[in-house]
Amino acid sequence: TIEDTVVGDTQPGGSAGYGVGILVSDGASLVAEDSELRSQTTVGILVADPGTEIRLSGTVVRDTLSDGNDEHGYGIKVYGGSALRAEGCEVAGNTAVGVLAAEPNTEVTLVDTAIWDTHPDGDGGYGYGIQVNGGAALAAEYCELVGNAEVGARAADPSTEITLVDTAIRDTRPDGSGEHGYGASISEGAVLHVEACELAGNSGTGLSAYDPGTGVTVVDTVIRDTQPDGNGEFGRGVDVQDGATLTLEGCELAGNRAQGVSALDTGTAVVLVN
């Protein structure tokens, strides 16, 4: 157990060239309470391998820097079938991705946690609050994703799943080229469940779903005030294309630009209920 501890300014080293604040792997477990990880180079917290578990409470992970190749800079990376639970935490000012979950059987649970102000990488891309891919699963409840870049919550690949409950995604900024700024973007067969959430003040599109096999269900949620991107384009509340499916039930879409709901392409299906 780590408690009331500061881990900072870890520099790259070893053959991989990583500078990781906390590494947990090979089936180990770790608990961190009321601690701070700041200004690591590459990854703030790295969790890997089946059976590996980490629990965070009241902990801050901030200002992780990219490496010499302008890559990484993640606040938290969980992969390889490991698990992480964070409650009452803050993930702020990191680079490329705030929280990344990847690969099958990887599970991340976020409760009452804020992920904000993730910066783009050296090429001006990314800056995601949350990224889930490769068959991983992430659930967020009572969380806030605010002021991230390009996409607030991103999911891709078959068997990948995100569940958001009582969570806000606000004020996502366009990337370095002025594009995107989406609240949530789901593609390539991933699944998203949204309940009692707010997507507000994002750019380009509030919620986008693309590709066959991609499925989104949104219940009792507000999607509002989506602004055009940095190039003056779009401002859609919901955009569904390329054969994706989406259901909106008991939702409110207000103050968006261009279109409240846009559905394009053969095989795309949108259902509006209540």
# chains A, B, ... in the order shown; residues from 1 in each chain; ligands from 1
call {"tool": "residues_around", "arguments": {"residues": "segment 240-257 of chain A", "least_positions_apart": "6", "cutoff": "6 Å", "atoms": "only C-alpha atoms", "output": "list in words"}}
result
Ser208, Ala209, Tyr210, Asp211, Pro212, Thr214, Gly215, Val216, Thr217, Val218, Val219, Asp220, Thr221, Val222, Ile223, Arg224, Asp225, Thr226, Ala263, Leu264, Asp265, Gly267, Thr268, Ala269, Val270, Val271, Leu272, Val273 and Asn274 of chain A
call {"tool": "residues_around", "arguments": {"residues": "Ile54 of chain A", "least_positions_apart": "3", "cutoff": "9 Å", "atoms": "only C-alpha atoms", "output": "VMD selection string"}}
result
chain A and resid 24 28 to 32 47 82 to 86
call {"tool": "residues_around", "arguments": {"residues": "Glu144 of chain A", "least_positions_apart": "3", "cutoff": "8 Å", "atoms": "only C-alpha atoms", "output": "number ranges by chain"}}
result
A: 112-116, 167-170
call {"tool": "closest_residue", "arguments": {"among": "A:Leu145, A:Leu100, A:Ala48, A:Val61", "to": "Asp26 of chain A", "atoms": "only C-alpha atoms"}}
result
A:Ala48
call {"tool": "closest_residue", "arguments": {"among": "A:Arg154, A:Arg62, A:His72, A:Lys77", "to": "Ala92 of chain A", "atoms": "only C-alpha atoms"}}
result
A:Arg62
call {"tool": "residues_around", "arguments": {"residues": "Pro228 of chain A", "least_positions_apart": "6", "cutoff": "8 Å", "atoms": "only C-alpha atoms", "output": "PyMOL selection string"}}
result
chain A and resi 203-205+234-236+257
call {"tool": "write_last_selection", "arguments": {"atoms": "N, CA and C atoms", "output": "compact mmCIF listing (two decimals), in the first residue's frame"}}
result
# COMPACT_ATOMS: atom_id res chain seq x y z
N SER A 203 -16.95 19.97 -29.57
CA SER A 203 -16.73 20.58 -30.88
C SER A 203 -16.89 19.55 -32.00
N GLY A 204 -17.45 19.97 -33.11
CA GLY A 204 -17.60 19.09 -34.27
C GLY A 204 -18.81 18.18 -34.15
N THR A 205 -18.79 17.28 -33.16
CA THR A 205 -19.88 16.34 -32.92
C THR A 205 -19.94 15.99 -31.43
N PHE A 234 -19.38 21.65 -39.00
CA PHE A 234 -20.26 20.78 -38.24
C PHE A 234 -20.79 21.44 -36.97
N GLY A 235 -20.80 20.72 -35.86
CA GLY A 235 -21.52 21.15 -34.66
C GLY A 235 -22.72 20.26 -34.40
N ARG A 236 -22.67 19.03 -34.91
CA ARG A 236 -23.78 18.08 -34.79
C ARG A 236 -23.91 17.53 -33.37
N ARG A 257 -25.39 22.67 -33.45
CA ARG A 257 -25.32 23.39 -34.72
C ARG A 257 -25.44 22.40 -35.88
call {"tool": "select_by_dssp", "arguments": {"residues": "segment 86-218 of chain A", "states": "strand (DSSP E)", "output": "JSON, numbers by chain"}}
result
{"A": [86, 87, 90, 91, 92, 97, 98, 99, 100, 101, 102, 107, 108, 109, 110, 111, 114, 115, 116, 128, 129, 130, 131, 132, 133, 137, 138, 139, 140, 141, 144, 145, 146, 151, 152, 153, 154, 155, 156, 161, 162, 163, 164, 165, 168, 169, 170, 182, 183, 184, 185, 186, 187, 191, 192, 193, 194, 195, 198, 199, 200, 205, 206, 207, 208, 209, 210, 215, 216, 217, 218]}
call {"tool": "residues_around", "arguments": {"residues": "Thr163 of chain A", "least_positions_apart": "6", "cutoff": "9 Å", "atoms": "only C-alpha atoms", "output": "JSON, numbers by chain"}}
result
{"A": [137, 138, 139, 140, 141, 191, 192, 193, 194, 195]}
call {"tool": "closest_residue", "arguments": {"among": "A:Glu90, A:Asp175, A:Glu71, A:Asp63", "to": "Pro120 of chain A", "atoms": "only C-alpha atoms"}}
result
A:Asp175
call {"tool": "residues_around", "arguments": {"residues": "Ile45 of chain A", "least_positions_apart": "5", "cutoff": "6 Å", "atoms": "only C-alpha atoms", "output": "VMD selection string"}}
result
chain A and resid 21 to 22 76
call {"tool": "closest_residue", "arguments": {"among": "A:Val238, A:Val78, A:Ala196, A:Val20", "to": "Pro104 of chain A", "atoms": "only C-alpha atoms"}}
result
A:Val78
